[in-house]
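The data block below is run21.txt; it holds compact mmCIF, C-alpha atoms.
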# COMPACT_ATOMS: atom_id res chain seq x y z
CA MET A 1044 35.69 50.66 -11.73
CA LYS A 1045 37.40 49.62 -14.93
CA PRO A 1046 40.39 47.31 -14.35
CA GLU A 1047 42.61 49.10 -16.86
CA SER A 1048 42.33 52.34 -14.89
CA HIS A 1049 43.19 50.89 -11.49
CA GLN A 1050 46.06 51.91 -9.32
CA PRO A 1051 47.59 49.07 -7.23
CA VAL A 1052 45.83 47.91 -4.06
CA ASN A 1053 47.61 46.78 -0.90
CA ILE A 1054 45.82 44.27 1.35
CA VAL A 1055 47.39 44.08 4.79
CA GLY A 1056 46.67 40.67 6.28
CA ALA A 1057 46.36 37.48 4.23
CA GLY A 1058 43.99 35.75 6.61
CA LEU A 1059 40.51 34.69 5.63
CA ALA A 1060 39.04 38.09 4.77
CA GLY A 1061 42.21 39.41 3.12
CA ALA A 1062 42.71 36.36 0.95
CA LEU A 1063 39.05 36.29 -0.13
CA LEU A 1064 39.12 40.01 -0.93
CA ALA A 1065 42.27 39.48 -2.99
CA VAL A 1066 40.46 36.84 -5.05
CA LEU A 1067 37.45 39.08 -5.63
CA LEU A 1068 39.61 42.05 -6.67
CA ALA A 1069 41.81 39.89 -8.90
CA ARG A 1070 38.71 38.59 -10.69
CA ARG A 1071 38.04 42.22 -11.64
CA GLY A 1072 41.58 42.79 -12.87
CA PHE A 1073 43.02 44.72 -9.94
CA ARG A 1074 46.73 44.47 -9.19
CA VAL A 1075 46.91 43.37 -5.55
CA THR A 1076 49.81 42.98 -3.16
CA LEU A 1077 49.03 40.88 -0.09
CA TYR A 1078 51.19 41.43 3.00
CA ASP A 1079 51.19 39.09 5.99
CA ARG A 1080 53.43 38.83 9.05
CA ARG A 1081 53.19 35.02 9.12
CA PRO A 1082 55.22 32.54 7.09
CA ASP A 1083 53.52 31.37 3.92
CA PRO A 1084 50.81 28.95 5.19
CA ARG A 1085 51.19 26.91 2.03
CA ASN A 1086 54.67 25.93 3.22
CA SER A 1087 54.31 25.86 7.01
CA ASP A 1088 52.19 24.31 9.74
CA ALA A 1089 49.43 26.32 11.37
CA GLU A 1090 49.87 27.67 14.88
CA SER A 1091 48.46 25.30 17.49
CA GLY A 1092 46.16 26.23 20.31
CA ARG A 1093 45.23 29.71 19.13
CA SER A 1094 42.24 29.37 16.83
CA ILE A 1095 38.64 28.87 17.89
CA ASN A 1096 37.16 26.51 15.32
CA LEU A 1097 35.12 28.14 12.61
CA ALA A 1098 31.45 27.69 11.72
CA LEU A 1099 30.70 28.50 8.09
CA ALA A 1100 27.09 29.57 7.48
CA ALA A 1101 24.99 30.96 4.64
CA ARG A 1102 26.46 34.48 4.60
CA GLY A 1103 29.99 33.19 4.28
CA ILE A 1104 29.00 30.59 1.70
CA ARG A 1105 27.37 33.25 -0.47
CA ALA A 1106 30.61 35.27 -0.52
CA LEU A 1107 32.71 32.20 -1.31
CA GLU A 1108 30.37 31.33 -4.14
CA ARG A 1109 30.80 34.85 -5.54
CA ALA A 1110 34.55 34.22 -5.56
CA GLY A 1111 34.09 30.88 -7.35
CA VAL A 1112 35.90 28.82 -4.70
CA MET A 1113 33.15 26.76 -3.04
CA ASP A 1114 33.91 23.63 -5.05
CA ARG A 1115 37.40 23.55 -3.50
CA ILE A 1116 36.10 24.29 -0.02
CA ARG A 1117 33.23 21.78 0.23
CA PRO A 1118 35.57 18.81 0.96
CA LEU A 1119 36.80 20.70 4.05
CA LEU A 1120 33.32 21.05 5.57
CA ILE A 1121 31.53 18.94 8.18
CA PRO A 1122 27.80 19.68 8.51
CA MET A 1123 26.52 20.29 12.04
CA ARG A 1124 22.74 20.01 12.39
CA GLY A 1125 22.40 21.31 15.93
CA ARG A 1126 23.80 21.64 19.44
CA MET A 1127 24.44 18.42 21.33
CA VAL A 1128 23.93 19.53 24.93
CA HIS A 1129 25.75 17.57 27.66
CA ASP A 1130 24.31 18.03 31.14
CA LEU A 1131 26.24 18.07 34.39
CA SER A 1132 25.19 14.55 35.36
CA ALA A 1133 27.17 13.21 32.37
CA SER A 1134 24.38 10.69 31.96
CA SER A 1135 22.61 12.20 28.97
CA SER A 1136 22.93 14.47 25.98
CA ALA A 1137 20.27 15.91 23.71
CA LEU A 1138 20.42 17.37 20.20
CA GLN A 1139 18.78 20.78 19.79
CA PRO A 1140 18.44 21.24 15.99
CA TYR A 1141 19.48 24.60 14.57
CA GLY A 1142 16.58 24.66 12.13
CA GLN A 1143 13.93 22.47 10.59
CA GLN A 1144 14.78 22.55 6.88
CA GLU A 1145 17.26 20.13 5.31
CA HIS A 1146 19.61 22.95 4.33
CA GLU A 1147 19.59 24.60 7.77
CA VAL A 1148 22.96 23.38 8.96
CA ILE A 1149 26.24 25.11 9.71
CA TYR A 1150 29.62 23.72 8.78
CA SER A 1151 32.69 23.13 10.89
CA VAL A 1152 35.83 24.06 8.99
CA GLY A 1153 39.47 24.33 9.97
CA ARG A 1154 40.86 27.85 9.73
CA ALA A 1155 44.26 26.79 8.36
CA ALA A 1156 42.85 24.59 5.59
CA LEU A 1157 40.34 27.24 4.52
CA ASN A 1158 42.98 29.97 4.52
CA ARG A 1159 45.31 27.82 2.44
CA VAL A 1160 42.67 27.30 -0.25
CA LEU A 1161 41.92 31.01 -0.45
CA ILE A 1162 45.59 31.96 -0.69
CA GLU A 1163 46.18 29.32 -3.37
CA GLU A 1164 43.20 30.68 -5.29
CA ALA A 1165 44.49 34.27 -5.03
CA ALA A 1166 47.95 33.17 -6.17
CA ARG A 1167 46.48 31.75 -9.38
CA TYR A 1168 46.05 35.30 -10.66
CA ASP A 1169 49.05 36.99 -12.26
CA THR A 1170 47.88 40.30 -10.82
CA VAL A 1171 48.27 39.10 -7.19
CA THR A 1172 51.61 39.21 -5.35
CA ALA A 1173 51.73 37.58 -1.91
CA ARG A 1174 54.48 38.72 0.47
CA PHE A 1175 54.78 36.69 3.67
CA ASP A 1176 56.97 37.28 6.74
CA GLN A 1177 56.26 40.98 6.18
CA ALA A 1178 54.78 42.76 9.21
CA CYS A 1179 52.99 45.97 8.26
CA LEU A 1180 53.50 48.24 11.25
CA ALA A 1181 51.76 51.50 10.39
CA ALA A 1182 49.89 53.44 7.73
CA SER A 1183 50.67 57.12 7.25
CA PRO A 1184 48.13 58.87 4.99
CA GLU A 1185 49.99 62.18 5.37
CA ARG A 1186 53.14 60.74 3.82
CA ASN A 1187 51.36 58.21 1.59
CA ALA A 1188 53.45 55.48 3.20
CA LEU A 1189 52.93 51.97 4.50
CA ARG A 1190 55.70 51.03 6.94
CA CYS A 1191 56.67 47.35 7.07
CA ARG A 1192 59.33 45.10 8.53
CA ASP A 1193 60.85 42.02 6.96
CA ARG A 1194 60.64 39.50 9.77
CA ILE A 1195 63.45 37.36 8.35
CA GLY A 1196 66.06 40.08 7.90
CA GLY A 1197 64.65 42.54 10.43
CA VAL A 1198 64.87 45.42 7.94
CA GLU A 1199 62.18 48.11 8.04
CA TYR A 1200 61.07 49.74 4.80
CA GLU A 1201 58.24 51.78 3.31
CA VAL A 1202 56.05 51.30 0.26
CA PRO A 1203 53.50 53.72 -1.20
CA LEU A 1204 50.26 53.59 0.72
CA ALA A 1205 48.33 54.01 -2.55
CA THR A 1206 45.02 52.39 -1.66
CA SER A 1207 45.38 50.02 1.26
CA ILE A 1208 42.78 47.77 2.86
CA ALA A 1209 43.56 46.52 6.35
CA THR A 1210 42.29 43.01 7.04
CA ASP A 1211 44.85 42.33 9.76
CA GLY A 1212 42.39 41.09 12.35
CA ALA A 1213 41.20 41.97 15.81
CA GLY A 1214 44.69 43.09 16.86
CA SER A 1215 45.15 45.23 13.74
CA ALA A 1216 48.46 47.10 13.69
CA ILE A 1217 47.07 49.42 11.02
CA ARG A 1218 44.10 50.32 13.24
CA THR A 1219 46.43 50.98 16.17
CA SER A 1220 48.70 53.25 14.12
CA LEU A 1221 45.80 55.26 12.68
CA GLY A 1222 44.22 55.56 16.12
CA THR A 1223 47.48 56.75 17.66
CA ALA A 1224 47.79 59.37 14.91
CA GLY A 1225 44.28 60.63 15.63
CA HIS A 1226 42.66 59.48 12.38
CA LEU A 1227 40.36 56.99 14.13
CA THR A 1228 38.65 56.60 17.49
CA VAL A 1229 39.04 53.06 18.82
CA ARG A 1230 37.38 51.33 21.77
CA GLU A 1231 38.04 47.72 22.68
CA ASP A 1232 35.60 46.12 25.12
CA TRP A 1233 37.27 43.06 26.58
CA LEU A 1234 35.12 40.24 27.92
CA ASP A 1235 36.02 39.12 31.43
CA HIS A 1236 36.11 35.55 30.10
CA ASP A 1237 39.04 34.04 28.19
CA TYR A 1238 39.41 30.83 26.19
CA LYS A 1239 41.76 27.89 25.84
CA GLU A 1240 41.85 25.38 22.99
CA LEU A 1241 42.07 21.64 23.69
CA THR A 1242 41.80 18.43 21.66
CA ILE A 1243 39.54 15.38 21.56
CA PRO A 1244 41.47 12.92 19.36
CA PRO A 1245 39.82 10.18 17.29
CA ALA A 1246 38.75 7.04 19.14
CA GLN A 1247 41.01 3.98 18.98
CA SER A 1248 38.92 2.73 16.06
CA GLY A 1249 39.89 5.88 14.17
CA ARG A 1250 36.32 7.13 14.22
CA TYR A 1251 34.93 10.19 15.93
CA ALA A 1252 34.69 9.88 19.71
CA LEU A 1253 31.46 11.94 19.63
CA GLU A 1254 28.62 12.46 17.16
CA PRO A 1255 30.37 14.35 14.33
CA HIS A 1256 27.36 16.18 12.90
CA ALA A 1257 26.77 18.41 15.90
CA LEU A 1258 28.38 21.21 17.86
CA HIS A 1259 28.88 19.72 21.30
CA ILE A 1260 28.34 21.99 24.27
CA TRP A 1261 28.75 21.49 28.00
CA PRO A 1262 26.90 24.53 29.45
CA ARG A 1263 27.61 25.26 33.09
CA GLY A 1264 25.95 28.60 33.74
CA GLY A 1265 28.93 30.91 34.14
CA PHE A 1266 31.18 29.03 31.70
CA MET A 1267 31.15 26.29 29.07
CA LEU A 1268 33.12 23.82 26.99
CA ILE A 1269 32.37 23.33 23.29
CA ALA A 1270 33.72 20.91 20.69
CA LEU A 1271 33.60 21.07 16.88
CA PRO A 1272 34.51 18.20 14.53
CA ASN A 1273 37.54 18.13 12.24
CA THR A 1274 37.96 16.11 9.04
CA ASP A 1275 40.69 13.91 10.61
CA GLY A 1276 38.26 12.41 13.14
CA SER A 1277 39.27 14.71 15.99
CA PHE A 1278 37.37 17.52 17.69
CA THR A 1279 38.71 20.92 18.62
CA ALA A 1280 37.41 21.71 22.09
CA THR A 1281 37.39 25.20 23.56
CA LEU A 1282 36.95 26.13 27.20
CA PHE A 1283 35.38 29.54 27.84
CA LEU A 1284 35.93 30.56 31.44
CA ALA A 1285 36.19 33.66 33.62
CA ARG A 1286 39.65 35.14 33.93
CA THR A 1287 39.44 35.47 37.73
CA GLY A 1288 37.24 34.21 40.54
CA GLU A 1289 36.20 30.86 42.02
CA ASN A 1290 35.73 28.99 38.73
CA SER A 1291 38.31 30.72 36.58
CA PHE A 1292 41.57 30.36 34.73
CA ALA A 1293 43.25 32.03 37.70
CA SER A 1294 42.16 29.14 39.92
CA LEU A 1295 43.58 26.47 37.57
CA THR A 1296 47.27 26.88 38.29
CA THR A 1297 48.28 23.26 38.95
CA PRO A 1298 47.76 19.98 37.07
CA GLU A 1299 45.71 18.72 40.02
CA ALA A 1300 43.41 21.74 39.92
CA VAL A 1301 42.87 21.32 36.17
CA ALA A 1302 42.10 17.61 36.49
CA ASP A 1303 39.74 18.13 39.42
CA PHE A 1304 37.89 20.95 37.66
CA PHE A 1305 37.30 18.94 34.48
CA LEU A 1306 36.26 15.82 36.38
CA ARG A 1307 33.76 17.85 38.37
CA GLU A 1308 32.31 19.87 35.49
CA PHE A 1309 32.86 17.84 32.32
CA ALA A 1310 33.10 14.24 33.52
CA ASP A 1311 31.98 12.64 30.24
CA ALA A 1312 34.53 14.66 28.24
CA VAL A 1313 37.57 13.80 30.37
CA PRO A 1314 38.01 10.20 29.12
CA LEU A 1315 38.03 11.58 25.58
CA MET A 1316 40.90 14.00 26.28
CA PRO A 1317 44.02 11.96 27.12
CA ASN A 1318 46.33 14.98 26.79
CA LEU A 1319 44.11 17.38 28.71
CA VAL A 1320 46.52 18.44 31.47
CA GLU A 1321 49.52 18.77 29.15
CA GLU A 1322 47.57 20.78 26.55
CA PHE A 1323 46.06 23.01 29.20
CA ALA A 1324 49.56 23.94 30.37
CA ALA A 1325 51.02 24.33 26.88
CA HIS A 1326 48.29 26.19 25.03
CA PRO A 1327 47.95 29.96 25.36
CA GLN A 1328 45.02 31.61 27.09
CA GLY A 1329 43.26 33.78 24.52
CA GLN A 1330 41.31 36.98 25.09
CA LEU A 1331 37.86 37.83 23.73
CA GLY A 1332 36.49 41.25 22.95
CA THR A 1333 34.52 43.60 20.73
CA VAL A 1334 36.14 46.35 18.67
CA HIS A 1335 34.31 49.66 18.13
CA LEU A 1336 35.86 51.91 15.51
CA THR A 1337 34.96 55.34 14.08
CA PRO A 1338 35.39 55.88 11.17
CA TRP A 1339 36.38 52.77 9.26
CA HIS A 1340 38.41 54.63 6.65
CA VAL A 1341 40.73 57.57 6.15
CA GLY A 1342 39.71 59.36 2.97
CA GLY A 1343 40.22 57.11 -0.01
CA SER A 1344 43.63 55.88 1.11
CA VAL A 1345 42.92 53.33 3.89
CA LEU A 1346 39.92 51.16 4.70
CA LEU A 1347 39.57 48.71 7.58
CA LEU A 1348 37.46 45.63 6.91
CA GLY A 1349 36.43 42.50 8.81
CA ASP A 1350 37.78 42.01 12.33
CA ALA A 1351 40.12 44.98 11.91
CA ALA A 1352 37.03 47.21 11.81
CA HIS A 1353 34.52 45.35 13.96
CA ALA A 1354 35.87 42.28 15.75
CA ILE A 1355 33.24 40.45 17.82
CA VAL A 1356 33.14 37.62 20.33
CA PRO A 1357 32.77 34.15 18.73
CA PHE A 1358 29.55 32.95 20.33
CA HIS A 1359 27.28 33.32 17.31
CA GLY A 1360 29.74 31.75 14.90
CA GLN A 1361 29.57 34.88 12.74
CA GLY A 1362 32.97 36.57 12.92
CA MET A 1363 34.25 34.94 9.74
CA ASN A 1364 30.84 35.07 8.08
CA ALA A 1365 30.48 38.79 8.79
CA ALA A 1366 33.96 39.44 7.39
CA PHE A 1367 33.17 37.42 4.27
CA GLU A 1368 29.93 39.38 3.91
CA ASP A 1369 32.02 42.56 4.13
CA CYS A 1370 34.01 41.31 1.14
CA LEU A 1371 30.83 40.52 -0.79
CA VAL A 1372 29.33 43.97 -0.13
CA PHE A 1373 32.62 45.66 -1.04
CA ASP A 1374 32.78 43.74 -4.30
CA SER A 1375 29.20 44.69 -5.13
CA LEU A 1376 29.88 48.39 -4.52
CA LEU A 1377 32.66 48.36 -7.10
CA ASP A 1378 29.92 48.29 -9.74
CA ARG A 1379 28.61 51.67 -8.56
CA HIS A 1380 31.74 53.75 -7.88
CA GLU A 1381 34.62 55.20 -9.86
CA ARG A 1382 36.57 56.57 -6.88
CA TRP A 1383 37.67 54.95 -3.63
CA GLU A 1384 36.52 57.52 -1.08
CA PRO A 1385 32.77 57.43 -1.90
CA LEU A 1386 32.98 53.65 -2.13
CA PHE A 1387 34.58 53.46 1.33
CA THR A 1388 31.96 55.83 2.71
CA GLU A 1389 29.04 53.83 1.35
CA PHE A 1390 30.63 50.58 2.50
CA GLU A 1391 30.87 51.87 6.07
CA GLN A 1392 27.34 53.29 6.02
CA SER A 1393 26.01 49.96 4.79
CA ARG A 1394 27.94 47.70 7.11
CA ARG A 1395 28.20 49.67 10.36
CA PRO A 1396 24.63 49.04 11.66
CA ASN A 1397 24.89 45.38 10.75
CA ALA A 1398 28.27 45.02 12.44
CA ALA A 1399 26.85 46.61 15.60
CA ALA A 1400 23.85 44.28 15.52
CA ILE A 1401 25.84 41.05 15.20
CA ALA A 1402 28.28 42.24 17.88
CA GLN A 1403 25.42 42.58 20.36
CA MET A 1404 23.75 39.32 19.30
CA ALA A 1405 27.05 37.47 19.70
CA LEU A 1406 27.34 38.66 23.30
CA GLU A 1407 23.75 37.60 23.99
CA ASN A 1408 24.37 34.20 22.45
CA TYR A 1409 27.09 33.48 25.01
CA LEU A 1410 24.51 33.70 27.79
CA GLU A 1411 22.21 31.42 25.79
CA MET A 1412 24.91 28.82 25.10
CA ARG A 1413 26.40 28.62 28.58
CA ASP A 1414 23.12 28.76 30.49
CA ALA A 1415 19.74 29.00 28.73
CA VAL A 1416 20.05 25.83 26.62
CA LEU A 1417 19.49 23.77 29.79
CA ASP A 1418 16.46 25.79 30.87
CA ALA A 1419 13.07 24.14 30.37
CA GLY A 1420 11.49 27.48 29.47
CA PHE A 1421 14.09 28.09 26.78
CA VAL A 1422 13.46 24.67 25.26
CA ARG A 1423 9.71 25.23 25.42
CA ARG A 1424 9.89 28.64 23.72
CA LYS A 1425 12.22 27.26 21.07
CA ALA A 1426 9.58 24.60 20.24
CA ILE A 1427 6.91 27.30 19.99
CA ALA A 1428 9.17 29.32 17.68
CA MET A 1429 9.65 26.32 15.40
CA GLU A 1430 5.90 25.81 15.16
CA LEU A 1431 5.30 29.50 14.44
CA GLU A 1432 7.83 29.31 11.63
CA ARG A 1433 5.97 26.33 10.16
CA ARG A 1434 2.62 28.15 10.38
CA PHE A 1435 3.74 31.65 9.37
CA PRO A 1436 6.95 31.23 7.33
CA ASP A 1437 6.56 34.63 5.65
CA ARG A 1438 6.43 36.45 9.00
CA PHE A 1439 8.12 34.42 11.74
CA ILE A 1440 11.67 33.11 11.41
CA PRO A 1441 13.60 32.45 14.65
CA ARG A 1442 16.36 35.01 15.16
CA TYR A 1443 19.08 32.37 15.10
CA SER A 1444 17.81 31.15 11.73
CA MET A 1445 17.65 34.68 10.33
CA VAL A 1446 21.29 35.19 11.25
CA MET A 1447 22.62 31.81 10.16
CA PHE A 1448 20.45 30.70 7.23
CA HIS A 1449 18.96 33.86 5.67
CA PRO A 1450 21.74 36.05 4.24
CA GLU A 1451 19.11 38.15 2.47
CA ILE A 1452 18.02 39.45 5.91
CA PRO A 1453 20.55 42.01 7.21
CA TYR A 1454 21.88 41.50 10.74
CA ALA A 1455 20.23 44.72 11.92
CA GLN A 1456 16.84 43.59 10.64
CA ALA A 1457 17.29 40.17 12.29
CA GLN A 1458 18.06 41.92 15.57
CA ARG A 1459 14.97 44.16 15.36
CA ARG A 1460 12.58 41.37 14.40
CA GLY A 1461 14.19 39.07 16.94
CA ALA A 1462 13.37 41.48 19.77
CA VAL A 1463 9.70 41.58 18.73
CA GLN A 1464 9.59 37.81 18.42
CA ALA A 1465 11.21 37.25 21.83
CA GLN A 1466 8.49 39.32 23.49
CA LEU A 1467 5.82 37.49 21.52
CA LEU A 1468 7.19 34.10 22.63
CA GLU A 1469 7.24 35.21 26.26
CA GLU A 1470 3.57 36.14 26.01
CA LEU A 1471 2.56 32.89 24.36
CA ASP A 1472 4.54 30.86 26.87
CA SER A 1473 2.81 32.60 29.77
CA ARG A 1474 -0.71 32.49 28.27
CA PRO A 1475 -1.48 28.90 27.24
CA ASP A 1476 -4.97 27.84 26.16
CA SER A 1477 -7.48 26.15 28.46
CA SER A 1478 -5.81 22.77 27.98
CA GLY A 1479 -2.38 24.10 28.91
CA ALA A 1480 -1.10 23.95 25.32
CA THR A 1481 0.19 26.82 23.21
CA ASN A 1482 -2.65 29.15 22.21
CA PHE A 1483 -2.21 29.31 18.45
CA VAL A 1484 -5.34 31.40 17.98
CA LEU A 1485 -3.65 34.09 20.06
CA ALA A 1486 -0.37 33.34 18.28
CA GLU A 1487 -1.87 34.08 14.86
CA LYS A 1488 -3.32 37.36 16.11
CA LEU A 1489 -0.01 38.51 17.66
CA VAL A 1490 2.11 37.45 14.69
CA LYS A 1491 -0.07 39.29 12.18
CA GLU A 1492 -0.31 42.37 14.38
CA ARG A 1493 3.38 42.71 15.19
CA LEU A 1494 5.36 41.19 12.35
CA GLU A 1495 5.21 42.51 8.80
CA PRO A 1496 5.82 39.97 6.03
CA ILE A 1497 9.52 39.56 5.31
CA ALA A 1498 10.30 41.21 2.00

Represent the structure contained in this file as structure tokens.
Amino acid sequence: MKPESHQPVNIVGAGLAGALLAVLLARRGFRVTLYDRRPDPRNSDAESGRSINLALAARGIRALERAGVMDRIRPLLIPMRGRMVHDLSASSSALQPYGQQEHEVIYSVGRAALNRVLIEEAARYDTVTARFDQACLAASPERNALRCRDRIGGVEYEVPLATSIATDGAGSAIRTSLGTAGHLTVREDWLDHDYKELTIPPAQSGRYALEPHALHIWPRGGFMLIALPNTDGSFTATLFLARTGENSFASLTTPEAVADFFLREFADAVPLMPNLVEEFAAHPQGQLGTVHLTPWHVGGSVLLLGDAAHAIVPFHGQGMNAAFEDCLVFDSLLDRHERWEPLFTEFEQSRRPNAAAIAQMALENYLEMRDAVLDAGFVRRKAIAMELERRFPDRFIPRYSMVMFHPEIPYAQAQRRGAVQAQLLEELDSRPDSSGATNFVLAEKLVKERLEPIA
């Protein structure tokens, strides 16, 4: 697409995906108007207690590099080299590395700080107009109208729909309006577990109260607590717990019940959380779910992208990364198309199988994080996988590593190869050699028989 021939583009939602997409389009000369229901985050404090901390990985980094913003973002990042697993006895913790190469780390980053950088970068372009406190309520392709409300004055108004891209998140108002009008089929699969955000402040010395270069996890089978580091020396902790039942949010209705539950399940974390009971009462209880949408666009007038099209649960740390990868793929397709509708169609065809794959892997990773990481068999098979990667790096890469550290491998391919590898690991774990060690003669045979070299 040639910039001089562009019509204006509306981006509904100035969160992470919307702001990054605005930068990428502005770099090509598009005239972009960003709409967001929130106050301008450059002039206001972020909402507290509502955001699961973010883990930036290779797919997201590649998109940010395409936009030319990584130099501004690197100071916001804290490398995490693995999971620090805290057992129930509170007497020990062990680091389970994510990978075995120096670069195989993921990065904790605050949502608000990252969003602010991206919006500031978009605002540098004269072709970008950012309109905050503007809630976009509905898209009407029939009337070529985008209906909005000024949240300050309360006045509703319409602007031409033109070409609009909805990046307004898992609760997308644009998706809801198009679904209600029959343009889209929407299914939302809610998890029966919710989350609540808590805080581990810096120690009295001002330093981190826990090892900062790890994602801390307290797995307890049916639920878990995690904690990610922030640049101010604090950690953002998140409790993932069933909505109802014996151990559930429904059972934690009094300060005494909250205190007793944490002392019983997360004894080593309690001394690090002086405001636990007050925060638990004050912070909202968030829902978790997966969005399934068909199709992702209406002709060439409206496209849904990121969480608005395919929101997933957060347990693989890939929601933001997948949305950023959406932006990267969209930007790449602009080189091949002169009209919006075929571009939107190819974008959906390219991204849909990968979105479905990471949605399923994210659900599976919850079971791994809250339960399997404490299992001796899991730890044993993880060690075998690491050794297979060292011996056969062109054929065997652990699924987690494919997802997090190899953006050249599509999610769907990682899911397919991961299933083959999981079966292979089960066989090797159950068929040791005569000394009881891993049978690497058998391993070589199985790897070469079942896994083609990675292109």

I'd like to know which of A:Glu1308, A:Asp1211, A:Glu1381, A:Glu1470 is closest to Asp1079 (chain A), using all atoms listed in the file.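 Among the listed residues, A:Asp1211 lies closest to Asp1079 (chain A).
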
Can you tell me how far CA of Asp1193 (chain A) sits from CA of Gln1177 (chain A), in Å to one decimal? 4.8 Å

Selected residue, from A:Gly1479, A:Gly1125, A:Pro1184, A:Pro1453, that lies nearest to Ala1257 (chain A) when counting all atoms listed in the file: A:Gly1125

Looking at A:Leu1406, A:Leu1099, A:Met1412, A:Val1422, which one is nearest to Arg1126 (chain A), with distances taken over only C-alpha atoms?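 Nearest to Arg1126 (chain A): A:Met1412.
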
So, counting all atoms listed in the file, which residue among A:His1353, A:Gln1050, A:Pro1255, A:Ser1132 is closest to Leu1204 (chain A)? A:Gln1050

I want to know what sits within 8 Å of Ala1062 (chain A), based on only C-alpha atoms, with residues of the same chain fewer than 6 positions away left out; could you give that as a ChimeraX atom specification? /A:1056,1077,1158,1161-1162,1165

Quick one: residues within 8 Å of Ser1220 (chain A), all atoms listed in the file counted, chain neighbours fewer than 4 positions away excluded, as a list in words?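 In the requested form, the answer reads Leu1180, Ala1181, Ala1182, Ala1216 and Ala1224 of chain A.
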
To one decimal in Å, tell me the separation between CA of Ile1269 (chain A) and CA of Leu1282 (chain A).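 Computing the Euclidean distance for CA of Ile1269 (chain A) and CA of Leu1282 (chain A) yields 6.6 Å.
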
Spatial neighbours of Arg1218 (chain A), 9 Å, all atoms listed in the file, chain gap at least 3 places, as a list in words: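 Using all atoms listed in the file, the neighbours found are Ala1181, Ala1182, Ala1209, Asp1211, Gly1214, Ser1215, Leu1221, Gly1222, Thr1223, Leu1227, Val1229, Leu1336, Leu1347, Ala1351 and Ala1352 of chain A.
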
Using only C-alpha atoms, which protein or nucleic acid residues come within 12 Å of Leu1376 (chain A)? Drop anything in the same chain fewer than 3 positions from it, and give the result as a list in words.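 My list of contacting residues is Met1044, Leu1068, Asp1369, Cys1370, Leu1371, Val1372, Phe1373, Arg1379, His1380, Glu1381, Arg1382, Trp1383, Glu1384, Pro1385, Leu1386, Phe1387, Thr1388, Glu1389, Phe1390, Glu1391, Gln1392, Ser1393 and Arg1394 of chain A.
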
The selected residues should be written to file as a short mmCIF file (atom, residue, chain, number, x, y, z; two decimals), in the coordinates of the input (atoms: C-alpha atoms).
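As written to disk, result-v1.cif reads:
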data_model
loop_
_atom_site.label_atom_id
_atom_site.label_comp_id
_atom_site.auth_asym_id
_atom_site.auth_seq_id
_atom_site.Cartn_x
_atom_site.Cartn_y
_atom_site.Cartn_z
CA MET A 1044 35.69 50.66 -11.73
CA LEU A 1068 39.61 42.05 -6.67
CA ASP A 1369 32.02 42.56 4.13
CA CYS A 1370 34.01 41.31 1.14
CA LEU A 1371 30.83 40.52 -0.79
CA VAL A 1372 29.33 43.97 -0.13
CA PHE A 1373 32.62 45.66 -1.04
CA ARG A 1379 28.61 51.67 -8.56
CA HIS A 1380 31.74 53.75 -7.88
CA GLU A 1381 34.62 55.20 -9.86
CA ARG A 1382 36.57 56.57 -6.88
CA TRP A 1383 37.67 54.95 -3.63
CA GLU A 1384 36.52 57.52 -1.08
CA PRO A 1385 32.77 57.43 -1.90
CA LEU A 1386 32.98 53.65 -2.13
CA PHE A 1387 34.58 53.46 1.33
CA THR A 1388 31.96 55.83 2.71
CA GLU A 1389 29.04 53.83 1.35
CA PHE A 1390 30.63 50.58 2.50
CA GLU A 1391 30.87 51.87 6.07
CA GLN A 1392 27.34 53.29 6.02
CA SER A 1393 26.01 49.96 4.79
CA ARG A 1394 27.94 47.70 7.11
#

If I take CA of Gly1264 (chain A) and CA of Met1316 (chain A), how far is one from the other in Å, to one decimal?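 A separation of 22.2 Å between them.
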
For Ala1252 (chain A): contacts at 7 Å, all atoms listed in the file, fewer than 5 positions along chain excluded, given as a ChimeraX atom specification: /A:1245-1246,1315

Between A:Pro1244, A:Pro1496, A:Pro1327, A:Pro1082, which residue has the minimum interatomic distance to Val1313 (chain A), considering only C-alpha atoms? A:Pro1244

From the list A:Ala1069, A:Ala1498, A:Cys1191, A:Leu1258, which residue is nearest Met1123 (chain A) when using all atoms listed in the file?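 Between A:Ala1069, A:Ala1498, A:Cys1191, A:Leu1258, the residue approaching Met1123 (chain A) most closely is A:Leu1258.
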
Could you tell me, as a ChimeraX atom specification, which residues have any atom at most 12 Å from (34.1, 40.0, 15.6), counting all atoms listed in the file? /A:1212-1214,1231-1233,1331-1335,1348-1367,1369,1397-1406

Around all the atoms of region 1207-1212 of chain A listed in the file, with 6 Å of room on each side, what axis-aligned box do you get, giving centre and edge lengths in Å to one decimal, as AutoDock Vina command-line options?
--center_x 43.8 --center_y 45.6 --center_z 6.8 --size_x 15.1 --size_y 20.9 --size_z 23.1

Compute the distance from (7.1, 37.2, 19.3) to each atom, counting only C-alpha atoms, keep the residues with any atom at most 9 Å away, and return them as a list in words; use the coordinates of the file.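 Nearby residues: Ala1428, Phe1439, Arg1460, Gly1461, Ala1462, Val1463, Gln1464, Ala1465, Gln1466, Leu1467, Leu1468, Glu1469, Glu1470, Leu1471, Ala1486, Leu1489, Val1490, Arg1493 and Leu1494 of chain A.
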